[in-house]
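Peer 1: Hey, dropping input_6.cif in here, mmCIF, C-alpha atoms:
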data_input
#
loop_
_atom_site.label_atom_id
_atom_site.label_comp_id
_atom_site.auth_asym_id
_atom_site.auth_seq_id
_atom_site.Cartn_x
_atom_site.Cartn_y
_atom_site.Cartn_z
CA MET A 1 -3.59 33.68 -2.20
CA ARG A 2 -3.46 36.78 -4.37
CA ALA A 3 -5.91 37.34 -7.17
CA GLY A 4 -4.86 36.47 -10.67
CA PRO A 5 -4.28 38.96 -13.50
CA PRO A 6 -7.19 41.27 -14.40
CA SER A 7 -7.94 39.19 -17.48
CA ARG A 8 -8.64 36.17 -15.26
CA ILE A 9 -10.96 38.19 -13.02
CA VAL A 10 -12.83 39.40 -16.12
CA ALA A 11 -13.06 35.76 -17.25
CA CYS A 12 -14.64 34.85 -13.91
CA VAL A 13 -17.21 37.64 -14.28
CA LEU A 14 -18.12 36.35 -17.72
CA VAL A 15 -18.36 32.74 -16.47
CA MET A 16 -20.74 33.76 -13.68
CA ALA A 17 -22.82 35.85 -16.07
CA ALA A 18 -23.14 32.81 -18.31
CA ALA A 19 -24.11 30.62 -15.33
CA THR A 20 -26.79 33.13 -14.32
CA ALA A 21 -28.16 33.27 -17.85
CA LEU A 22 -28.25 29.48 -17.99
CA GLY A 23 -30.05 29.33 -14.66
CA ILE A 24 -32.70 31.76 -15.86
CA ALA A 25 -33.13 29.77 -19.07
CA LEU A 26 -33.67 26.61 -17.04
CA GLN A 27 -35.87 28.30 -14.47
CA ARG A 28 -38.98 26.44 -15.53
CA SER A 29 -37.30 23.13 -14.63
CA GLY A 30 -37.33 24.01 -10.94
CA PRO A 31 -34.93 25.46 -8.33
CA PRO A 32 -32.66 22.39 -7.97
CA ILE A 33 -31.57 22.72 -11.59
CA THR A 34 -31.38 26.50 -11.70
CA TYR A 35 -29.03 27.12 -8.79
CA LEU A 36 -26.96 23.95 -9.34
CA THR A 37 -25.73 25.50 -12.59
CA PHE A 38 -23.53 27.76 -10.45
CA PHE A 39 -21.36 25.00 -8.99
CA PRO A 40 -19.48 24.19 -12.23
CA ALA A 41 -19.00 27.95 -12.65
CA LEU A 42 -17.48 28.23 -9.14
CA PHE A 43 -15.12 25.35 -9.96
CA ALA A 44 -14.12 26.99 -13.26
CA CYS A 45 -13.47 30.37 -11.63
CA THR A 46 -11.31 28.78 -8.95
CA ARG A 47 -9.30 27.01 -11.63
CA ILE A 48 -8.95 30.24 -13.59
CA ALA A 49 -8.10 32.72 -10.81
CA GLY A 50 -7.41 30.67 -7.70
CA ARG A 51 -9.13 30.90 -4.32
CA THR A 52 -9.72 34.65 -4.69
CA GLY A 53 -11.42 34.11 -8.03
CA GLY A 54 -13.63 31.41 -6.52
CA LEU A 55 -14.69 33.60 -3.58
CA LEU A 56 -15.38 36.45 -5.99
CA ALA A 57 -17.53 34.08 -8.02
CA ILE A 58 -19.58 33.20 -4.92
CA GLY A 59 -20.22 36.90 -4.37
CA LEU A 60 -21.15 37.44 -8.01
CA SER A 61 -23.59 34.55 -7.86
CA VAL A 62 -25.57 35.91 -4.88
CA PRO A 63 -27.94 38.18 -6.90
CA GLY A 64 -28.64 35.40 -9.39
CA ILE A 65 -29.29 32.83 -6.67
CA LEU A 66 -31.68 35.11 -4.80
CA TRP A 67 -33.46 35.88 -8.06
CA LEU A 68 -33.86 32.23 -9.02
CA LEU A 69 -34.92 30.78 -5.68
CA PRO A 70 -38.69 30.74 -5.10
CA PRO A 71 -40.60 32.90 -5.43
CA SER A 72 -38.56 33.49 -8.59
CA GLY A 73 -38.18 37.04 -9.83
CA SER A 74 -37.82 38.41 -6.30
CA PHE A 75 -34.52 39.67 -4.92
CA LEU A 76 -34.66 40.35 -1.18
CA VAL A 77 -38.36 40.17 -0.35
CA ASN A 78 -41.02 37.50 -0.02
CA HIS A 79 -38.53 34.65 0.51
CA SER A 80 -39.52 31.93 2.94
CA VAL A 81 -37.41 30.41 5.67
CA ALA A 82 -36.91 27.33 3.46
CA THR A 83 -35.62 29.53 0.65
CA TRP A 84 -33.15 31.30 2.93
CA THR A 85 -32.07 27.90 4.23
CA THR A 86 -31.45 26.74 0.65
CA PHE A 87 -29.50 29.93 0.03
CA ALA A 88 -27.35 29.32 3.11
CA ILE A 89 -26.73 25.74 2.00
CA TYR A 90 -25.66 27.03 -1.41
CA LEU A 91 -23.19 29.48 0.14
CA ALA A 92 -21.71 26.77 2.36
CA SER A 93 -21.53 24.28 -0.51
CA GLY A 94 -20.03 26.89 -2.80
CA TYR A 95 -17.33 27.63 -0.24
CA VAL A 96 -16.56 23.91 0.02
CA VAL A 97 -16.26 23.69 -3.78
CA VAL A 98 -13.93 26.69 -3.92
CA SER A 99 -11.80 25.61 -0.94
CA THR A 100 -11.47 22.03 -2.12
CA THR A 101 -10.57 23.06 -5.65
CA ALA A 102 -8.01 25.57 -4.36
CA ARG A 103 -6.45 22.98 -2.07
CA LEU A 104 -6.20 20.52 -4.93
CA GLN A 105 -4.53 23.18 -7.06
CA ASP A 106 -2.08 23.91 -4.24
CA ALA A 107 -1.33 20.19 -3.95
CA VAL A 108 -0.76 19.89 -7.69
CA ARG A 109 1.58 22.89 -7.66
CA ALA A 110 3.45 21.44 -4.67
CA ARG A 111 3.75 18.12 -6.48
CA ASP A 112 5.06 19.86 -9.60
CA ARG A 113 7.65 21.70 -7.51
CA LEU A 114 8.78 18.45 -5.91
CA LEU A 115 9.00 16.75 -9.30
CA ALA A 116 11.07 19.64 -10.62
CA GLN A 117 13.37 19.38 -7.61
CA ARG A 118 13.65 15.63 -8.14
CA ASP A 119 14.54 16.15 -11.79
CA ASP A 120 17.17 18.73 -10.83
CA PHE A 121 18.63 16.34 -8.25
CA LEU A 122 18.78 13.46 -10.70
CA ARG A 123 20.39 15.66 -13.33
CA MET A 124 23.00 16.57 -10.73
CA VAL A 125 23.45 12.91 -9.82
CA SER A 126 23.80 12.01 -13.48
CA HIS A 127 26.42 14.65 -14.13
CA ASP A 128 28.38 14.63 -10.86
CA LEU A 129 28.47 10.89 -10.19
CA ARG A 130 28.60 9.34 -13.64
CA SER A 131 31.91 10.98 -14.54
CA PRO A 132 33.89 9.85 -11.45
CA LEU A 133 32.32 6.40 -11.63
CA GLY A 134 33.40 6.17 -15.25
CA ALA A 135 36.93 7.06 -14.19
CA VAL A 136 36.86 4.40 -11.45
CA LEU A 137 35.72 1.75 -13.92
CA MET A 138 38.34 2.76 -16.47
CA GLN A 139 41.16 2.65 -13.93
CA ALA A 140 39.91 -0.63 -12.50
CA ASP A 141 40.00 -2.17 -15.99
CA VAL A 142 43.55 -0.89 -16.60
CA GLN A 143 44.83 -2.15 -13.23
CA LEU A 144 42.94 -5.41 -13.65
CA ARG A 145 44.68 -6.18 -16.93
CA GLY A 146 48.06 -5.47 -15.38
CA ALA A 147 47.37 -7.57 -12.26
CA ARG A 148 46.22 -10.50 -14.39
CA ALA A 149 49.33 -10.27 -16.53
CA ARG A 150 51.49 -10.33 -13.38
CA GLY A 151 49.51 -13.21 -11.87
CA GLU A 152 48.61 -11.28 -8.70
CA ALA A 153 45.51 -13.23 -7.68
CA PRO A 154 44.62 -11.27 -4.49
CA VAL A 155 44.92 -7.95 -6.37
CA VAL A 156 42.80 -9.31 -9.22
CA SER A 157 40.11 -10.36 -6.76
CA GLY A 158 40.05 -6.93 -5.11
CA LEU A 159 39.97 -5.07 -8.43
CA GLU A 160 37.16 -7.28 -9.72
CA SER A 161 35.16 -6.44 -6.59
CA ILE A 162 35.78 -2.72 -7.15
CA ARG A 163 34.74 -2.96 -10.77
CA ARG A 164 31.66 -5.06 -10.02
CA ASN A 165 30.35 -2.67 -7.35
CA ALA A 166 31.15 0.46 -9.37
CA ALA A 167 29.29 -1.01 -12.35
CA ARG A 168 26.36 -1.84 -10.08
CA MET A 169 26.26 1.73 -8.77
CA GLN A 170 26.44 3.09 -12.31
CA GLY A 171 23.52 0.85 -13.26
CA MET A 172 21.44 2.27 -10.39
CA ILE A 173 22.19 5.83 -11.48
CA ASP A 174 21.26 4.97 -15.06
CA GLU A 175 17.97 3.49 -13.84
CA LEU A 176 17.09 6.64 -11.88
CA VAL A 177 17.86 8.92 -14.81
CA ASP A 178 16.05 6.71 -17.31
CA THR A 179 13.00 6.59 -15.05
CA VAL A 180 12.75 10.39 -14.97
CA GLN A 181 13.15 10.64 -18.74
CA LEU A 182 10.57 7.92 -19.40
CA GLU A 183 8.02 9.42 -17.00
CA ALA A 184 8.47 12.88 -18.47
CA GLY A 185 8.19 11.59 -22.04
CA ARG A 186 11.57 13.10 -22.86
CA PHE A 187 13.06 9.96 -24.36
CA GLN A 188 12.92 9.38 -28.09
CA LEU A 189 11.99 6.02 -29.55
CA LYS A 190 14.04 5.14 -32.63
CA PRO A 191 11.91 2.43 -34.23
CA GLN A 192 13.36 0.09 -36.79
CA ARG A 193 11.87 -2.81 -38.68
CA LEU A 194 13.40 -6.02 -37.36
CA GLU A 195 12.94 -9.78 -37.38
CA LEU A 196 12.77 -11.00 -33.79
CA ALA A 197 14.52 -14.35 -34.27
CA SER A 198 17.68 -12.98 -35.90
CA TRP A 199 17.76 -9.89 -33.66
CA LEU A 200 17.45 -12.04 -30.54
CA THR A 201 20.33 -14.27 -31.58
CA GLU A 202 22.56 -11.22 -31.98
CA ALA A 203 21.38 -9.61 -28.72
CA LEU A 204 22.09 -12.75 -26.69
CA SER A 205 25.48 -13.25 -28.32
CA HIS A 206 26.94 -10.18 -26.61
CA ALA A 207 24.82 -10.20 -23.44
CA ALA A 208 26.53 -10.71 -20.09
CA LEU A 209 24.20 -13.59 -19.22
CA GLU A 210 24.47 -17.34 -18.71
CA THR A 211 23.12 -17.97 -22.19
CA GLY A 212 23.70 -21.71 -21.79
CA ARG A 213 20.75 -21.80 -19.39
CA ILE A 214 18.43 -19.96 -21.78
CA ARG A 215 16.25 -22.00 -24.12
CA THR A 216 14.72 -19.96 -26.93
CA GLU A 217 11.53 -20.95 -28.70
CA VAL A 218 11.26 -18.25 -31.34
CA PRO A 219 10.04 -19.28 -34.82
CA ALA A 220 12.09 -17.87 -37.66
CA ASP A 221 8.97 -16.98 -39.68
CA LEU A 222 7.46 -14.52 -37.19
CA PRO A 223 6.22 -11.28 -38.80
CA PRO A 224 8.54 -8.27 -38.39
CA MET A 225 8.09 -5.60 -35.71
CA GLU A 226 8.61 -1.84 -35.72
CA VAL A 227 10.45 -1.22 -32.44
CA ASP A 228 13.41 0.56 -30.90
CA PRO A 229 16.06 -2.23 -30.78
CA ALA A 230 18.00 -0.72 -27.87
CA ARG A 231 14.87 -0.29 -25.74
CA LEU A 232 13.58 -3.77 -26.61
CA GLU A 233 16.96 -5.26 -25.73
CA ARG A 234 16.78 -3.64 -22.33
CA VAL A 235 13.35 -5.15 -21.64
CA VAL A 236 14.29 -8.65 -22.80
CA LEU A 237 17.67 -8.73 -21.04
CA ASN A 238 16.17 -7.39 -17.80
CA LEU A 239 13.54 -10.14 -17.80
CA LEU A 240 16.10 -12.81 -18.62
CA SER A 241 18.55 -11.51 -16.01
CA ASN A 242 15.87 -11.62 -13.31
CA ALA A 243 14.74 -15.08 -14.39
CA LEU A 244 18.30 -16.44 -14.22
CA LYS A 245 19.00 -14.72 -10.91
CA TYR A 246 15.96 -16.12 -9.11
CA SER A 247 16.00 -19.62 -10.61
CA PRO A 248 18.16 -22.42 -9.16
CA PRO A 249 21.68 -22.52 -10.70
CA GLU A 250 20.90 -25.61 -12.79
CA ALA A 251 17.40 -24.52 -13.84
CA GLU A 252 16.55 -23.59 -17.40
CA VAL A 253 14.89 -20.31 -18.39
CA VAL A 254 12.59 -20.37 -21.42
CA LEU A 255 12.21 -17.43 -23.79
CA ARG A 256 9.28 -17.90 -26.14
CA ALA A 257 7.69 -15.71 -28.83
CA GLU A 258 4.56 -16.22 -30.90
CA ARG A 259 2.06 -14.27 -32.92
CA ALA A 260 -1.17 -13.26 -31.13
CA GLY A 261 -3.42 -11.55 -33.64
CA ALA A 262 -1.96 -8.18 -34.59
CA GLU A 263 0.63 -8.44 -31.82
CA LEU A 264 3.74 -10.38 -30.97
CA LEU A 265 3.64 -12.13 -27.59
CA VAL A 266 6.98 -12.63 -25.84
CA SER A 267 7.28 -14.59 -22.60
CA VAL A 268 10.07 -15.46 -20.17
CA ARG A 269 9.45 -18.40 -17.81
CA ASP A 270 11.60 -19.08 -14.77
CA HIS A 271 11.74 -21.59 -11.91
CA GLY A 272 12.15 -19.06 -9.14
CA PRO A 273 10.35 -18.75 -5.79
CA GLY A 274 7.26 -17.18 -7.37
CA ILE A 275 5.38 -14.06 -6.35
CA PRO A 276 2.56 -13.81 -3.76
CA PRO A 277 -0.80 -13.04 -5.44
CA ASP A 278 -1.35 -9.83 -3.48
CA GLU A 279 1.96 -8.41 -4.75
CA ILE A 280 1.52 -9.10 -8.47
CA ARG A 281 -0.46 -5.91 -9.14
CA LEU A 282 2.35 -3.84 -7.58
CA LEU A 283 5.23 -5.59 -9.30
CA PHE A 284 5.55 -3.11 -12.17
CA GLU A 285 5.30 -0.03 -9.93
CA ARG A 286 8.22 2.22 -9.11
CA PHE A 287 10.59 0.99 -6.36
CA HIS A 288 8.51 -2.12 -5.63
CA ARG A 289 10.22 -5.42 -4.96
CA ALA A 290 8.43 -8.67 -4.22
CA SER A 291 8.88 -10.08 -0.73
CA THR A 292 10.35 -13.23 -2.28
CA ALA A 293 12.96 -11.22 -4.21
CA ARG A 294 16.47 -10.46 -3.09
CA GLN A 295 16.61 -7.03 -1.49
CA GLU A 296 19.10 -5.49 -3.88
CA GLY A 297 18.89 -2.76 -6.50
CA LEU A 298 16.30 0.01 -6.59
CA GLY A 299 13.25 -1.92 -7.74
CA LEU A 300 13.10 -0.03 -11.03
CA CYS A 301 13.88 -2.69 -13.64
CA LEU A 302 10.31 -3.93 -14.10
CA TYR A 303 8.92 -0.42 -13.84
CA ILE A 304 11.22 0.75 -16.63
CA ALA A 305 10.31 -2.34 -18.68
CA ARG A 306 6.61 -1.43 -18.33
CA LEU A 307 7.21 2.17 -19.42
CA ILE A 308 9.20 1.02 -22.47
CA VAL A 309 6.63 -1.59 -23.52
CA GLU A 310 3.74 0.85 -23.08
CA ALA A 311 5.62 3.50 -25.06
CA HIS A 312 5.62 1.01 -27.96
CA GLY A 313 1.87 0.46 -27.59
CA GLY A 314 2.19 -2.89 -25.86
CA ARG A 315 1.29 -4.47 -22.51
CA ILE A 316 3.30 -6.34 -19.88
CA TRP A 317 2.13 -8.64 -17.09
CA VAL A 318 3.11 -11.68 -15.03
CA THR A 319 1.49 -14.94 -13.97
CA SER A 320 3.02 -16.59 -10.95
CA SER A 321 2.48 -19.00 -8.07
CA VAL A 322 4.57 -19.12 -4.92
CA GLY A 323 6.99 -22.04 -5.22
CA ALA A 324 6.15 -22.67 -8.88
CA GLY A 325 8.04 -19.92 -10.70
CA SER A 326 6.81 -17.00 -12.80
CA THR A 327 6.09 -16.22 -16.43
CA PHE A 328 6.58 -12.63 -17.53
CA GLN A 329 4.83 -11.72 -20.78
CA PHE A 330 4.61 -8.64 -22.93
CA THR A 331 3.11 -7.77 -26.29
CA LEU A 332 4.30 -5.50 -29.06
CA PRO A 333 2.38 -4.48 -32.17
CA LEU A 334 3.49 -6.01 -35.45
CA ALA A 335 4.84 -3.80 -38.20
CA PRO A 336 2.11 -2.46 -40.53
#
Would you encode the structure as structure tokens?
Peer 2:
Amino acid sequence: MRAGPPSRIVACVLVMAAATALGIALQRSGPPITYLTFFPALFACTRIAGRTGGLLAIGLSVPGILWLLPPSGSFLVNHSVATWTTFAIYLASGYVVVSTTARLQDAVRARDRLLAQRDDFLRMVSHDLRSPLGAVLMQADVQLRGARARGEAPVVSGLESIRRNAARMQGMIDELVDTVQLEAGRFQLKPQRLELASWLTEALSHAALETGRIRTEVPADLPPMEVDPARLERVVLNLLSNALKYSPPEAEVVLRAERAGAELLVSVRDHGPGIPPDEIRLLFERFHRASTARQEGLGLCLYIARLIVEAHGGRIWVTSSVGAGSTFQFTLPLAP
């Protein structure tokens, strides 16, 4: 690794000079304190100027170390075998500090490069796949209307399958792109003051869900919230969609909301297969799907829900037992 700009090398020299001065000031406290002051300086120099800066810092620290080790005030004479052993240990430890810090920096840079490549890929996916998928959906809708008008049942069935799968693929692409934007903090919340009960009635009225199976227990007198309605709708509809999907066809899903101190607590209870205890802590992680879940989709819905809730200053969690269903809950702060 090449050395950093001259200004960084000068910064390393100044850091080591400060470490030496600190060691001398603490000299009366004993050798363990005096020479240990150099290790944070080695770490700082490696962060500033890379591996070369760290190795340079080790070299710059040698005179100070030899001066501080007993008998103090001596440079190359009168040192005992124990002192030289301590000095050797310092050099070896210093090299470990520098090498480890440099490797960590290399790993962080490699990770950043991979994240940048991932973002570039997802931008490409967003641009190059969304447009043709939109065209497929549009044409499928046009042909579907015509086939229905002509009473062509087999054609209608085929077109519905095309539309359903194209919409599913578009949803996956949207999830990938939204995940990148949420993780990078590039999305903008557009908070509005809203009453949950009335907002929920409107949101469910145009949702593509079996609303007849959803029982809502949301008091009309709940205090208002300051949230992004579109983001909140995504969280609520995702939880309801999952609850309906994993519950038996005749089972009811309960959506409840109540005040909990300075927060609003929203819960969705289903009658699905439940989640094994050892998987609950992973449920809101990226790409994770419970072993009891259907192996479809990308495993991003709950992860995105967590990012959205946390961006609002809330929390999300689940309580579940295998064979007894699950209750997903999240909190949101009330409007000031």
Peer 1: Once the PyMOL selection byres ((chain A and resi 230-234) around 9) has been evaluated on this model, what residues remain selected, and can you format them as number ranges by chain?
Peer 2: A: 189-190, 200, 203, 227-229, 235-239, 305, 308-309
Peer 1: Using all atoms listed in the file, which of the listed residues (A:Ala11, A:Val268, A:Leu300, A:Pro336) sits closest to Ala41 (chain A)?
Peer 2: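 Smallest distance to Ala41 (chain A) is found for A:Ala11.
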Peer 1: One number please: CA of Val218 (chain A) to CA of Glu258 (chain A), in Å, one decimal.
Peer 2: 7.0 Å
Peer 1: Just want the 7 Å neighbourhood of Ala257 (chain A), counted on all atoms listed in the file, with same-chain residues fewer than 6 positions away dropped. Output as JSON, numbers by chain.
Peer 2: {"A": [217, 218, 264, 265, 266, 267]}
Peer 1: Using the chain letters and numbers from the file, give me the residues hit by the PyMOL selection byres ((chain A and resi 317) around 7), as number ranges by chain.
Peer 2: A: 315-316, 318, 328-330
